[in-house]
Structure formats: structure tokens, C-alpha cells
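S.K.: Have a look at this one.
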Amino acid sequence: MEYNFTEIEKKWQRYWEENKIFKTYDDFSNPKKYYILDMFPYPSGSGLHVGHPEGYTATDIVARYKRMNGFNVLHPMGWDAFGLPAEQYAIQTGTHPAVITNKNCDTFRAQIKSLGLGYDWDREVNTTDPGYFKWTQWIFIQLYNTWFDEALQKGRPVSELPVPEEIKKQGDKAVQRYISEKRLAYYDDAQVWWCDHCRIVCANEEVLTDGSHEKCGNPVVRKNLKQWMLRIPLYAERLLKGLEKLDWPEGVKEMQYNWIGKSTGAEVDFELDGLDEKLRVYTTRPDTLFGATYMVISPEHPGVKQITLPEQAAAVEKYANDASKKSDLDRTDLSREKTGVFTGRFAINPVNGKKIPVWVADYVLIGYGTGAIMAVPAHDTRDFEFALKFGLPIDCIMDPEGAEPGLRNKVLAGKECWTEDGIYVNSSDDKRGISINGLNKEQGIKTIIEWLEKMEIGAATVNYKVRDWLFSRQRYWGEPFPVIHWEDGEISLLAEEELPLTLPKLEKYLPGENGESPLANAGEWLQVTGKDGRRGRRETNTMPQWAGSCWYYLRYIDPKNDKVPFSAEKEKYWMPVDLYIGGTEHAVLHLLYSRFWHKVLFDLGIVSTDEPFMKLFNQGMILAYAYETATGAKIPVDLVEERDGKYYKRDSGEELKQIMAKMSKSLKNVVNPDDVVRKYGADSLRLYEMFMGPLDVIKPWADNGVKGVSGFLGRVFKFFAHKENITGGEEDPEILKELHYTIKKVARDIEDLKFNTAISQMMIFTNACIKKGKVTHDTASRFIKVLSPFAPHIAEEIWEIYGNKGSIATEEYPAYDEKYLASDTFEYPVSFNGKLRFKIELPVDMAIPEIEKSVLAHPNARKWVEGKQLKKIIVVPNKIINVVVV
RNA sequence: GCCCGGAUGGUGGAAUUGGUAGACACGCAGGACUUAAAAUCCUGUGGCCAGUAAUGGCUGUGCGGGUUCAAUUCCCGCUCCGGGUACCA
């Protein structure tokens, strides 16, 4: 009997589907639930690549394993199907994006099914389905109708928002404006990133470090546009706190911490010489106030004009103008040479009354803190550079006591910058009753803040880097906002009964003029007339792709519900997600956004948990080998030939270096899972994806590796599927021991997501069985169950050959018995001065003095002890023996 | 620059976190089967040295130090690679 994987895999995939083996029932009587989630894919036109099955196989193994352990498992799949490529295709061909999207989903679904992944397809969701995005729109309405109560650190309905009397007195418009300023979702003029290539705005998170658009790589520019924004910074503290209790990779947590970017410090008011205004700065180092020798305001600071003296006005205006023309790319990229111009104005340092000049410079950003800083060149590297360039005074106020003397003297002389801790000097003022001399940084900050607060010129403040989330895009293929802009400027949202607001059919999908979405061309759809006869226009922007993925994990719980987004009872049973697996590329974007939405929903009582994803795991990217010349030019793989383990360019014979690179069409190193399935079978693909290495690391695809695991499955079939190898009677103790160890090891490895070592152990076991020649039916059955989560098709087939009815997926995972794992003796490695010399087999329960005696009596021991003095013998029971001689 | 990861045979990777480094695979070499090849099976396989051989010794986890009876694992100082971030006061 041959191992015909193609036939076997088709047969069992059909069986699973027909018998709904992986259907999840909302059986609340089972207290053991396990919600295991994959990051759902964008169904691109090119189909699945080998990176997808990596995470999916991992979750599938865990899901199958948990099911075999009696858990009620929720393991769904769906499509993050809004997105640019479908729209671009629509622009080119005139076909509605839904057509191509649905086709792509069909391809993806078929491919995923061909891998034998056990999803409950009855729960499939699709973000572009009106039945789904109805609720995305609904959540948007909830966000719009929520304000954040700072005191309670909690989102609350705007109906509960207290409106101050003086606002009420100003009339209804003022009240509405007041409420708008508190809503989590608001519509306003904003300086936004605009990608001219995509004709779309981008969120801060979508702009890369070099000022390019994450999606297309083209540079983005600043633009002022009316846009929908979400006030995610209000949740900054909650988002930070929530991270603490999550079982997430440290790196991802770190990235979220950094992105939120909390900093604590103080705001301090500086009086301006000759003006009745004050200049407020934010600083994390209020303790260095005595060292503030000048101030800097951002070119965009609203006070620039007022502060600047007439004789400097021209210079300042020019500088501000130039700065505004510079893209942010230039501003950060330009070799960091600091620029700036003096306003002519002086401010008064509140701690010592000294007059210090106020400058304008673009190294101070308007979007952070107050857009103005006090500059302490002696203790801040940026201020130091600036002071050096413009010859501003550098007053050292902190003695770096611990530093090396040469450096310390330079710092004290103001010739070097010191940002670390030290002891304050020159930091007192008798008249104002403040001194921090002799204190260290921590005490200094505390003392100064207390003093500032007492004098009412400053207060402790917290700042966050995270900005409002720009939540609209100039696209057709996204969720329409359930929003009407009325001719009088009022904004209203649709009622729940009016949802979903679906997309209109368009003739053309080209973007509108002046950065408007294609929906600006949707005549009839666009115009609305209110009951009062008022005319209005629908919002033409659509939501970003993140919207649908912000809550899809909730919809899986109750995907067909058309009354509510999901039933509360079901949500309570299934949430939170126990294990979430996906790529690191979503470390900040998706994972921050969905945590934010989830917390709002939690505050509104719509979900029962504060955090959505308890354990997160990132699978590593799968790369492919690629080849480059000595000069670094990449050569497509079809032009490369291998000789004696070296690589040469086929036409020129030039020797090439093998490197790892992302799979790409240009390098022709893309591996298509369909080809692998055809050639080796789905079980081999699954096994190889898991055997390559640890799940979380980047690893290169090697076709020969598939051959390795496929050989293993071939041997499994050849041995276990043939009844003549399977006997009755007593099992051999060695095999029994190996079996129980395998059961234990594989279980533990699955729990730890260490699939590579689990597979390795199954190989060891199989090799042992083959060597033995025969095993009992009981041994074989147990092993096949252990193998089944990894290679389900072959396991089902063998299970059936053994005469069983029904699916092995519904069997119980075998238990192991410690008694088979124990042995009477242990082969001790004996080392002398740490070097392994020989081994000695001794009873496991032998007393240490006996062990020492036996070791020294061993014939090989003499050689190492002779002529030396025995110092001591270290015996670690059942581990190692080390003899120390001198 | 700063913050996280990482570096182990020709290759992918193991090592119960201080206790036999190189499991398991790939590749390679030799052998069996075959007219031959593929497939399959068996044997060997970190490097160096000695020995006809069984075997024995030395060396070895990016580099340099240290702690320890014992270090891939812990500490200090570097080098290189990957990811994140970037004038955030």
C-alpha cells in the first residue's frame, strides 16, 4: 500500500467538511473554553504564500490538541477584505471591487482548506460584507457618542457629560461644540499626512521613518484637510496599564510602550520681558531650571508673532516660512545641523530672575508638549548643540561626581554636556526661597515641582507621544461613515435602524478632485434631504482598513446575529482570546487600535473584558534564499547554478553569495504552497513549516527540508499503516518508555509552541519503532493520536486502517504514565576537572558516598587520579559527576 | 544616537535555563538494491593530531576578560547582523 497523500488528503478534507468535524458549538456547560485566533488575512490576488500557513498551522495544531484535551475550542477564519488593490483593479477594469474581492476570498478559502486546517467555516467573517460592516459603523457611532471621563479614567456616553453652566448660557451651538470637543470621534481640520501617489491621507502610524508611505513607499506631504479623528491619547494610560498583565512578547509590549511614549515632567510658565503674556514650556527636567540660559519656541507656535520684536520680525517670518515649506522629511533628515533665529525678546527665568533670550527653531515641534521649551544646554544634548552653534551661554548646574575627572572638569566648565545624574551646584536663590544644591536628580525634580506648584508658576504634567488617530481615507473600498454633513454645517449620524449604509455602485472608481474620495462622484447616494427639508451631503471619506480588523474577533463569536454585533452571553463565554498568533508587523498598528476600541466597548459595557488578547505570539517571517554578486547585485534564482556547494551565475560563471531575502517576484524565489501541496502533500507542508525552526524566528525556506519531513511521513505510513508491523501482546519496555516520553514531550512542546522539537521527538520515536520492527496495536494507536494534530490526514487514514470509526480529531489525547519513564540506572558522565573522561552506569538511588567509591574504583579513573591529589568529588544525582584533582 | 532581539558544524536548528555541546533533519561520503537512474534502506559525518584498527588526546557555541568543581547558559568589555524608533524637551 502506497502513501498516496493526494488521495488521502482529499478524502479526509471532504470527510471533515461533510461531517462538520470542526464546527464549534456554544456549549456553555463546558467550562473549559479555548479561543485561538489567527490574524485574518487580506485576500490578495496572488493567493496564499508560504508565510500564511506558518501561523495557521501552529494555531491548528494547538486547536486540535486542545480539542483532544476536552476544550470547547473556537478557531475561526475570515477576511480583512477592504483594501487598496481591489480598488485599483476596479479603477483599471471598471469591475466592482466586491467582485474581485469575493473571487480572491474563494481562492484563499480553497487554499486554506487544502492545507487541512480545521476552521469552523460557519463562522467566517468578511469585513466588506454589509452584515459585518453594519456593526463596524455601529461601533463608530458608539465612539462618536462617548467621552472620556479623566477622573474615572473611563469612557462614558455623551448623554452623561456634564456641561458647565457658562457654556449652557452661550446657547445650544456652544453646548454642541463643547460636546464635540469631548467625543472620542470628531471631525475637524487637521494637518495630515498626504500621499500624493495613492491620493490618500495616512495615519501617523502609516508613515515610515524616512517620511514615506508604508503602503507604497512614496513620500508623504503635510496637508490641511477636514478629517475624522479618534482621540486615542485619552486612553494612553489605560493602554499602558493594560499591557502589564498580558502574556505578550516583550518586544511588542516595548514597541507599544514606546509608541504611546509616556513622559512625566512639568509645565512651567516663564514671564516675558515687556509683555503681559506668559510662555509655557513642558520639560521632563524641571530640576535643571537654574541651567536654562535661553528658550526656544517652535516656528508654528501661536505666540511667535506677538513675542517677536519688530526689528527681528522679518528674520523670524522668513525662518518660519522656510520651515513650513520644508517637509518633515527634510526637517528631520537634514544632517541635524540646528537652525534658528532670535526673536529679540527675553524671558525671565522664574528661579533666579535672569533674563534669557527667546529663539525660534524647528528642532522644537509644535505637536509635542506646549511647542516651547526652556533650553538647558549644559544638560541636554540638543540644546548643547544649538548653544554651541549660536554662542549661547552654557551654565553647568550639575556636578557629575562619578564621572572621570577630565570629563567632569569639562562639564563643570560648560564645555561638555552631561545628561546623567549628579549633584546640583549653583542651584539656589535665597530671595525666592529655593535651593536644590547638594541634591541628586530624583530629589531635585521633586523639590522643584513642589516649589513651582507652591508659587503657582508650574505643575507636574504627563505627556504622551501618541496622537489622535486619523480615521478617514479618500477611498471607495472601505466602510462608509454613517454621517451626514448638513448645509448649515451641522453633522449628524445615522440611526441604528438605518444601518448598514452600503456603498453605491459607481461608473468610475477614480478618486475625486482635490483629494476627495471616489464617493464624491456618487450623485444620488451623496445627496440627502432631511425631514425638515434641509439638504445634506453624505461623508465621502471611508474608514481605514484598520476599522474592520479592530473588532473582528468579537464577530466570530456570533457572526450571523443581525440584532446586535454579538450576543452578550456568548461574548462572556468566549472572551478573551486565549491565544492570538500573527506577524510582528502589527505590533503597534492593529494591536494598539483594537485594544483601544476594545477598552471603549468595555467601558460602555458592551464587552466583558478590559483586554481582548491574553496571549500573543508572533510567527517569524519566512524568507527564501537569494543570490548576490560581490558588488551586492541581486540575481534571480533561475540564473543561478550550484556546483560543489558554491553558487555561480549561469551565463557569466561569476561566483555568487547565498543570502536570505524576502520572497519576491523579481528574485523569482517565491514559494507557492499549492506547488508544495501537489508535490509533497499538505501534511508535509504543515510539518515542514513547523519543523524549520522555532515559530517566532525568521527562517529561510529550503525545499530540501520538505523532502526531509516528507520522508518521515513516508516512513510513518510504511510502518504504521501496515498491519503486519502491528501486533498484540506486551509492548517492549524500551518502546513503551519512548512512547510515554513522546506523549509527554509533544504535549509540553505544543503548550510551549515549540513544534520543531515535538516533531523531532516523533521522528525519534518512529525511528525506534522501525528499528524494533514490530509494535503493539495500543502503542501505534497512541502514537497516531499524538501525531494527528500535526499531520491530520495521514493520522485519520491510519486510524481508519486500524478499524476505527469516526474522526481521530474527536479522540482524546493520550495520557502518559511516569512509571514507564523511570529507569533503575543512570549512566553518569564522569568528568575530571570539568572534562568528560568516561561514563559509568549506576543505580539511580545509590547513595553519594557509594557513587564516589564506585567512580574511584572504575578502571578508567586511575589514569586521571594517579600522581595527583584528590580534592573533592561533586555528585549531582542523576545528572553528572565531577572529580576535582590538583 | 537610543530601545529591543540575535550570533552554535557545510546548512536549518537541539541542549530539561549552570551539569554529557551539536538531538532531529538537510547536505555530503561510502555501501546495498538496480542493466542504469530515481526512490528506498544501511553506515559514517564539528575541526585538528596520533594509531592498521578498536580507540585515545587536544580543540571547539561571534571576540576579549571574569565568576564557578562545572559556562552556549551568569557578570564585565567589545564586534557584527536583524527589528523598532528618531530633534518627543
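By order of appearance in the C-alpha cells: chains A, B, ..., then residues from 1 within every chain, and ligands from 1 in the order shown.
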Using only C-alpha atoms (C1' of nucleotides) and a distance of at most 10 Å, pull out the residues of chain B that contact chain A, as a PyMOL selection string.

M.R.: chain B and resi 3-6+10-14+19-20+23-28+69-70+82-89

S.K.: Given the selection you just returned, output its residues as a file containing C-alpha atoms (C1' of nucleotides), formatted as a PDB file, in the first residue's frame.

M.R.:
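Wrote out_27.pdb, looks like this:
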```pdb
ATOM      1  C1'   C B   3      15.479  50.764  22.803  1.00  0.00           C
ATOM      2  C1'   C B   4      14.695  45.556  21.873  1.00  0.00           C
ATOM      3  C1'   G B   5      16.273  40.746  19.615  1.00  0.00           C
ATOM      4  C1'   G B   6      20.189  37.573  17.823  1.00  0.00           C
ATOM      5  C1'   G B  10      28.901  22.814   5.090  1.00  0.00           C
ATOM      6  C1'   U B  11      23.067  24.186   6.089  1.00  0.00           C
ATOM      7  C1'   G B  12      18.134  24.640   9.211  1.00  0.00           C
ATOM      8  C1'   G B  13      18.427  24.036  14.098  1.00  0.00           C
ATOM      9  C1'   A B  14      18.691  20.982  19.584  1.00  0.00           C
ATOM     10  C1'   G B  19      25.640  19.945  34.589  1.00  0.00           C
ATOM     11  C1'   U B  20      27.495  14.736  28.581  1.00  0.00           C
ATOM     12  C1'   A B  23      19.404  15.996  19.361  1.00  0.00           C
ATOM     13  C1'   C B  24      16.298  15.848  14.890  1.00  0.00           C
ATOM     14  C1'   A B  25      16.737  16.919   9.857  1.00  0.00           C
ATOM     15  C1'   C B  26      19.179  18.660   5.243  1.00  0.00           C
ATOM     16  C1'   G B  27      23.684  18.125   2.614  1.00  0.00           C
ATOM     17  C1'   C B  28      27.940  15.249   1.767  1.00  0.00           C
ATOM     18  C1'   C B  69      34.123  21.998  40.757  1.00  0.00           C
ATOM     19  C1'   A B  70      31.498  22.918  36.026  1.00  0.00           C
ATOM     20  C1'   G B  82      18.211  41.794  12.282  1.00  0.00           C
ATOM     21  C1'   G B  83      13.885  44.717  14.039  1.00  0.00           C
ATOM     22  C1'   G B  84      11.784  49.170  16.164  1.00  0.00           C
ATOM     23  C1'   U B  85      12.374  54.390  16.789  1.00  0.00           C
ATOM     24  C1'   A B  86      14.203  59.028  15.761  1.00  0.00           C
ATOM     25  C1'   C B  87      15.389  66.662  17.413  1.00  0.00           C
ATOM     26  C1'   C B  88       9.081  63.880  21.874  1.00  0.00           C
ATOM     27  C1'   A B  89      12.299  68.634  25.537  1.00  0.00           C
TER      28        A B  89
END
```

S.K.: Would you please extract all strand (DSSP E or B) residues from region 56-186 of chain A, as assigned by DSSP on the backbone, and give them as number ranges by chain?

M.R.: A: 72-74, 78-79, 125-126, 146-149, 154-157, 183, 185-186

S.K.: For those residues, write N, CA and C atoms to a file as a short mmCIF file (atom, residue, chain, number, x, y, z; two decimals), in the first residue's frame.

M.R.:
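Contents of result-v4.cif, as written:
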```cif
data_model
loop_
_atom_site.label_atom_id
_atom_site.label_comp_id
_atom_site.auth_asym_id
_atom_site.auth_seq_id
_atom_site.Cartn_x
_atom_site.Cartn_y
_atom_site.Cartn_z
N ASN A 72 -13.62 23.20 24.69
CA ASN A 72 -14.51 23.71 23.68
C ASN A 72 -13.70 24.80 22.96
N VAL A 73 -13.38 24.54 21.70
CA VAL A 73 -12.41 25.38 21.00
C VAL A 73 -13.10 26.26 19.96
N LEU A 74 -12.77 27.54 19.99
CA LEU A 74 -13.23 28.45 18.94
C LEU A 74 -12.02 28.82 18.09
N GLY A 78 -11.42 34.35 8.66
CA GLY A 78 -12.20 35.32 7.89
C GLY A 78 -11.31 36.21 7.05
N TRP A 79 -11.88 37.27 6.53
CA TRP A 79 -11.18 38.08 5.54
C TRP A 79 -11.19 39.56 5.88
N VAL A 125 -16.06 35.40 8.68
CA VAL A 125 -16.50 36.79 8.55
C VAL A 125 -15.74 37.47 7.41
N ASN A 126 -16.36 38.52 6.89
CA ASN A 126 -15.76 39.27 5.80
C ASN A 126 -16.06 40.74 6.08
N THR A 146 -19.30 58.81 22.75
CA THR A 146 -18.61 58.55 24.01
C THR A 146 -17.62 59.66 24.31
N TRP A 147 -17.52 60.02 25.57
CA TRP A 147 -16.47 60.95 26.02
C TRP A 147 -15.65 60.25 27.08
N PHE A 148 -14.49 60.76 27.35
CA PHE A 148 -13.60 60.12 28.31
C PHE A 148 -13.56 60.90 29.61
N ASP A 149 -14.02 60.26 30.65
CA ASP A 149 -14.01 60.87 31.97
C ASP A 149 -12.62 60.68 32.59
N LYS A 154 -12.31 56.52 32.30
CA LYS A 154 -13.29 55.61 31.74
C LYS A 154 -14.10 56.34 30.69
N GLY A 155 -14.41 55.64 29.59
CA GLY A 155 -15.30 56.22 28.59
C GLY A 155 -16.74 56.16 29.06
N ARG A 156 -17.50 57.22 28.79
CA ARG A 156 -18.91 57.25 29.21
C ARG A 156 -19.75 57.85 28.08
N PRO A 157 -21.04 57.54 28.05
CA PRO A 157 -21.91 58.11 27.00
C PRO A 157 -21.94 59.63 27.10
N ARG A 183 -16.02 64.29 22.35
CA ARG A 183 -16.32 63.00 21.73
C ARG A 183 -15.03 62.25 21.35
N ALA A 185 -14.75 60.41 18.77
CA ALA A 185 -14.60 60.60 17.33
C ALA A 185 -15.02 62.02 17.00
N TYR A 186 -14.20 62.72 16.26
CA TYR A 186 -14.57 64.09 15.91
C TYR A 186 -14.09 64.40 14.50
#
```

S.K.: Any chance you could list, as a count of residues only, the residues in region 321-530 of chain A that come up alpha helix (DSSP H) when DSSP is run on the backbone?

M.R.: 48

S.K.: Nearest to Asn69 (chain A) among A:Lys33, A:Phe384, A:Gln545, A:Leu589, with distances taken over only C-alpha atoms: which residue is it?

M.R.: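 Among A:Lys33, A:Phe384, A:Gln545, A:Leu589, it is A:Lys33 that comes nearest to Asn69 (chain A).
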
S.K.: Please provide as a list in words all residues within 12 Å of Asn102 (chain A), with the sequence filter that same-chain residues fewer than 3 positions apart are discarded (counting only C-alpha atoms (C1' of nucleotides)).

M.R.: Tyr42, Pro43, Ser44, Gly45, Gly78, Trp79, Asp80, Ala81, Phe82, Ala86, His96, Pro97, Ala98, Val99, Cys105, Asp106, Thr107, Phe108, Arg109, Asn126, Thr127, Thr128 and Asp129 of chain A

S.K.: Suppose we keep C-alpha atoms; can you now write the selection as a JSON list (two decimals), in the first residue's frame?

M.R.:
```json
[["chain", "number", "residue", "atom", "x", "y", "z"],
["A", 42, "TYR", "CA", -6.09, 40.36, 3.34],
["A", 43, "PRO", "CA", -7.17, 38.16, 0.42],
["A", 44, "SER", "CA", -4.77, 39.39, -2.20],
["A", 45, "GLY", "CA", -4.95, 38.43, -5.82],
["A", 78, "GLY", "CA", -12.20, 35.32, 7.89],
["A", 79, "TRP", "CA", -11.18, 38.08, 5.54],
["A", 80, "ASP", "CA", -9.85, 41.56, 6.06],
["A", 81, "ALA", "CA", -11.15, 42.32, 2.63],
["A", 82, "PHE", "CA", -11.32, 46.07, 2.25],
["A", 86, "ALA", "CA", -9.14, 45.61, -5.19],
["A", 96, "HIS", "CA", -16.87, 46.46, -8.77],
["A", 97, "PRO", "CA", -14.23, 45.74, -6.10],
["A", 98, "ALA", "CA", -16.60, 43.29, -4.43],
["A", 99, "VAL", "CA", -16.38, 41.01, -7.45],
["A", 105, "CYS", "CA", -11.70, 35.08, -0.85],
["A", 106, "ASP", "CA", -12.83, 31.95, -2.67],
["A", 107, "THR", "CA", -9.26, 31.25, -3.74],
["A", 108, "PHE", "CA", -7.93, 31.80, -0.24],
["A", 109, "ARG", "CA", -10.64, 29.64, 1.30],
["A", 126, "ASN", "CA", -15.76, 39.27, 5.80],
["A", 127, "THR", "CA", -15.20, 42.92, 6.66],
["A", 128, "THR", "CA", -16.73, 44.00, 3.34],
["A", 129, "ASP", "CA", -20.00, 42.20, 3.98]]
```

S.K.: Tell me which protein, DNA and RNA residues are within 7 Å of Arg123 (chain A), counting only C-alpha atoms (C1' of nucleotides), leaving out same-chain ones fewer than 2 positions away, and put them as number ranges by chain.

M.R.: A: 76, 120-121, 125, 556, 559

S.K.: For Glu812 (chain A), which of A:Ala58, A:Ile436, A:Ala791, A:Val786 is the closest residue, counting only C-alpha atoms?

M.R.: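 Ranking A:Ala58, A:Ile436, A:Ala791, A:Val786 by distance to Glu812 (chain A), first place goes to A:Val786.
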
S.K.: Between C1' of C63 (chain B) and C1' of C49 (chain B), what distance in Å does the model show, to one decimal?

M.R.: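 That distance, rounded to one decimal, is 25.7 Å.
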
S.K.: Looking at only C-alpha atoms (C1' of nucleotides), which of B:G18, B:C81, B:G51, B:A29 is the one that sits closest to U67 (chain B)?

M.R.: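 The closest residue to U67 (chain B) is B:G18.
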
S.K.: Just how far from CA of Phe22 (chain A) is CA of Asp674 (chain A), in Å to one decimal?

M.R.: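 Those two atoms sit 22.8 Å apart.
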